[in-house]
file upload.cif (mmCIF, C-alpha atoms and all ligand atoms)
data_my_file
#
loop_
_atom_site.label_atom_id
_atom_site.label_comp_id
_atom_site.auth_asym_id
_atom_site.auth_seq_id
_atom_site.Cartn_x
_atom_site.Cartn_y
_atom_site.Cartn_z
CA MET A 294 -17.90 -6.18 -7.50
CA GLU A 295 -14.31 -6.86 -6.58
CA TYR A 296 -11.23 -4.67 -6.61
CA GLU A 297 -7.48 -4.96 -6.31
CA CYS A 298 -5.72 -2.73 -3.76
CA ALA A 299 -3.64 -0.14 -5.67
CA ILE A 300 -0.82 -0.39 -3.11
CA CYS A 301 -0.42 -3.99 -1.89
CA GLY A 302 -2.39 -5.78 -4.62
CA VAL A 303 -4.71 -7.71 -2.27
CA GLU A 304 -8.14 -8.48 -3.76
CA GLY A 305 -11.41 -7.89 -1.95
CA MET A 306 -14.97 -6.68 -2.18
CA LEU A 307 -15.36 -3.19 -3.61
CA VAL A 308 -17.85 -2.18 -0.90
CA ARG A 309 -15.10 -2.69 1.70
CA SER A 310 -12.46 -0.73 -0.21
CA ASN A 311 -11.34 2.81 0.59
CA ASN A 312 -10.94 6.09 -1.29
CA PRO A 313 -7.14 6.63 -1.57
CA GLU A 314 -7.25 10.39 -2.18
CA PRO A 315 -4.98 12.35 -2.04
CA LEU A 316 -2.41 9.53 -2.19
CA LEU A 317 -3.89 8.09 -5.41
CA PRO A 318 -6.73 9.07 -7.76
CA ARG A 319 -10.26 8.38 -6.49
CA GLU A 320 -10.84 5.80 -9.28
CA GLN A 321 -8.30 3.51 -7.62
CA ARG A 322 -9.12 1.73 -4.37
CA VAL A 323 -7.08 0.55 -1.39
CA CYS A 324 -7.70 -2.11 1.29
CA SER A 325 -8.43 -1.22 4.91
CA SER A 326 -4.86 -2.06 5.87
CA CYS A 327 -3.34 0.36 3.33
CA ASN A 328 -5.97 2.96 4.19
CA ALA A 329 -3.84 3.71 7.26
CA TYR A 330 -1.22 5.18 4.89
CA VAL A 331 -3.91 7.28 3.19
CA THR A 332 -5.03 8.62 6.57
CA ALA A 333 -1.43 9.32 7.59
CA THR A 334 -0.86 11.16 4.29
CA ARG A 335 -3.94 13.33 4.88
CA VAL A 336 -2.68 14.26 8.34
CA VAL A 337 0.84 15.05 7.07
CA LEU A 338 -0.53 17.15 4.19
CA MET A 339 -2.85 19.02 6.55
CA THR A 340 0.11 20.04 8.67
CA LYS A 341 1.87 21.21 5.50
CA ALA A 342 -1.14 23.16 4.20
CA GLY A 343 -0.29 25.82 1.65
CA ASN A 344 2.60 23.85 0.20
CA SER A 345 0.43 22.43 -2.59
CA ALA A 346 3.16 22.62 -5.25
CA SER A 347 4.96 19.64 -3.77
CA LYS A 348 1.82 17.67 -2.78
CA GLY A 349 1.74 15.54 -5.95
CA GLU A 350 5.43 14.85 -5.73
CA PHE A 351 5.12 13.88 -2.07
CA CYS A 352 2.28 11.45 -2.87
CA ASP A 353 4.10 9.91 -5.83
CA THR A 354 7.17 9.27 -3.71
CA LEU A 355 5.14 7.85 -0.85
CA VAL A 356 3.19 5.47 -3.14
CA ASN A 357 6.43 4.23 -4.69
CA VAL A 358 7.94 3.64 -1.24
CA LEU A 359 4.83 1.70 -0.14
CA LYS A 360 4.76 -0.43 -3.31
CA MET A 361 8.46 -1.24 -2.94
CA ALA A 362 7.96 -2.11 0.74
CA TYR A 363 5.18 -4.56 -0.16
CA THR A 364 7.31 -6.12 -2.90
CA LEU A 365 10.21 -6.55 -0.48
CA ARG A 366 7.90 -7.97 2.18
CA GLY A 367 6.44 -10.44 -0.35
CA ALA A 368 9.95 -11.50 -1.41
CA HIS A 369 10.96 -11.97 2.23
CA GLU A 370 7.87 -14.07 2.97
CA SER A 371 8.55 -16.25 -0.11
CA LEU A 372 12.13 -16.74 1.04
CA MET A 373 11.01 -17.70 4.56
CA GLU A 374 8.49 -20.19 3.13
CA LEU A 375 11.21 -21.67 0.94
CA MET A 376 13.57 -21.99 3.92
CA MET A 377 10.86 -23.56 6.09
CA GLY A 378 10.12 -26.02 3.28
CA ASN A 379 13.80 -26.98 3.05
CA MET A 380 14.03 -27.45 6.82
CA GLU A 381 11.03 -29.82 6.76
CA GLU A 382 12.64 -31.83 3.96
CA ASP A 383 15.82 -32.24 6.03
CA GLU A 384 13.96 -33.88 8.92
ZN ZN B 401 -3.65 -2.83 0.44
#
call {"tool": "encode", "arguments": {"input": "upload.cif", "output": "structure tokens", "more": "lines below"}}
Ligand SMILES: [Zn+2]
result
Amino acid sequence: MEYECAICGVEGMLVRSNNPEPLLPREQRVCSSCNAYVTATRVVLMTKAGNSASKGEFCDTLVNVLKMAYTLRGAHESLMELMMGNMEEDE
């Protein structure tokens, strides 16, 4: 069984995936790298215990920020590869 990370989109074996709650529903899975964000979210939410009304909103915002960051990072890496390719052609 394979899965696709719900944040960065990397594919891997389901047995090595992580439960993304409370950042995302349990049915979705995240890679070990993105699991750091899930852990960080749990810690932040623990320190804000009792403020459950804004928990969902906080998670939604955080997931959108992470997805955008990965998209930007992917675009940057593609650009760097393109530039490296052009430099090699010039030589
Ligand atoms: Zn991931």
call {"tool": "residues_near_ligand", "arguments": {"input": "upload.cif", "ligand": "ligand ZN 401 (chain B)", "cutoff": "7 Å", "atoms": "all atoms listed in the file", "output": "PyMOL selection string"}}
result
chain A and resi 298-303+323-327
call {"tool": "residues_around", "arguments": {"input": "upload.cif", "residues": "Gly305 (chain A)", "least_positions_apart": "5", "cutoff": "7 Å", "atoms": "all atoms listed in the file", "output": "count of residues only"}}
result
3
call {"tool": "closest_residue", "arguments": {"input": "upload.cif", "among": "A:Pro318, A:Gly367, A:Pro313, A:Gly378", "to": "Thr332 (chain A)", "atoms": "all atoms listed in the file"}}
result
A:Pro313
call {"tool": "closest_residue", "arguments": {"input": "upload.cif", "among": "A:Leu355, A:Val337, A:Leu365, A:Met294", "to": "Leu316 (chain A)", "atoms": "all atoms listed in the file"}}
result
A:Leu355
call {"tool": "atom_distance", "arguments": {"input": "upload.cif", "atom1": "CA of Val358 (chain A)", "atom2": "CA of Pro315 (chain A)"}}
result
15.6 Å
call {"tool": "atom_distance", "arguments": {"input": "upload.cif", "atom1": "CA of Ser347 (chain A)", "atom2": "CA of Arg322 (chain A)"}}
result
22.8 Å
call {"tool": "atom_distance", "arguments": {"input": "upload.cif", "atom1": "CA of Asn328 (chain A)", "atom2": "CA of Asn311 (chain A)"}}
result
6.5 Å
call {"tool": "closest_residue", "arguments": {"input": "upload.cif", "among": "A:Met306, A:Tyr330, A:Glu382, A:Thr340", "to": "Lys360 (chain A)", "atoms": "all atoms listed in the file"}}
result
A:Tyr330
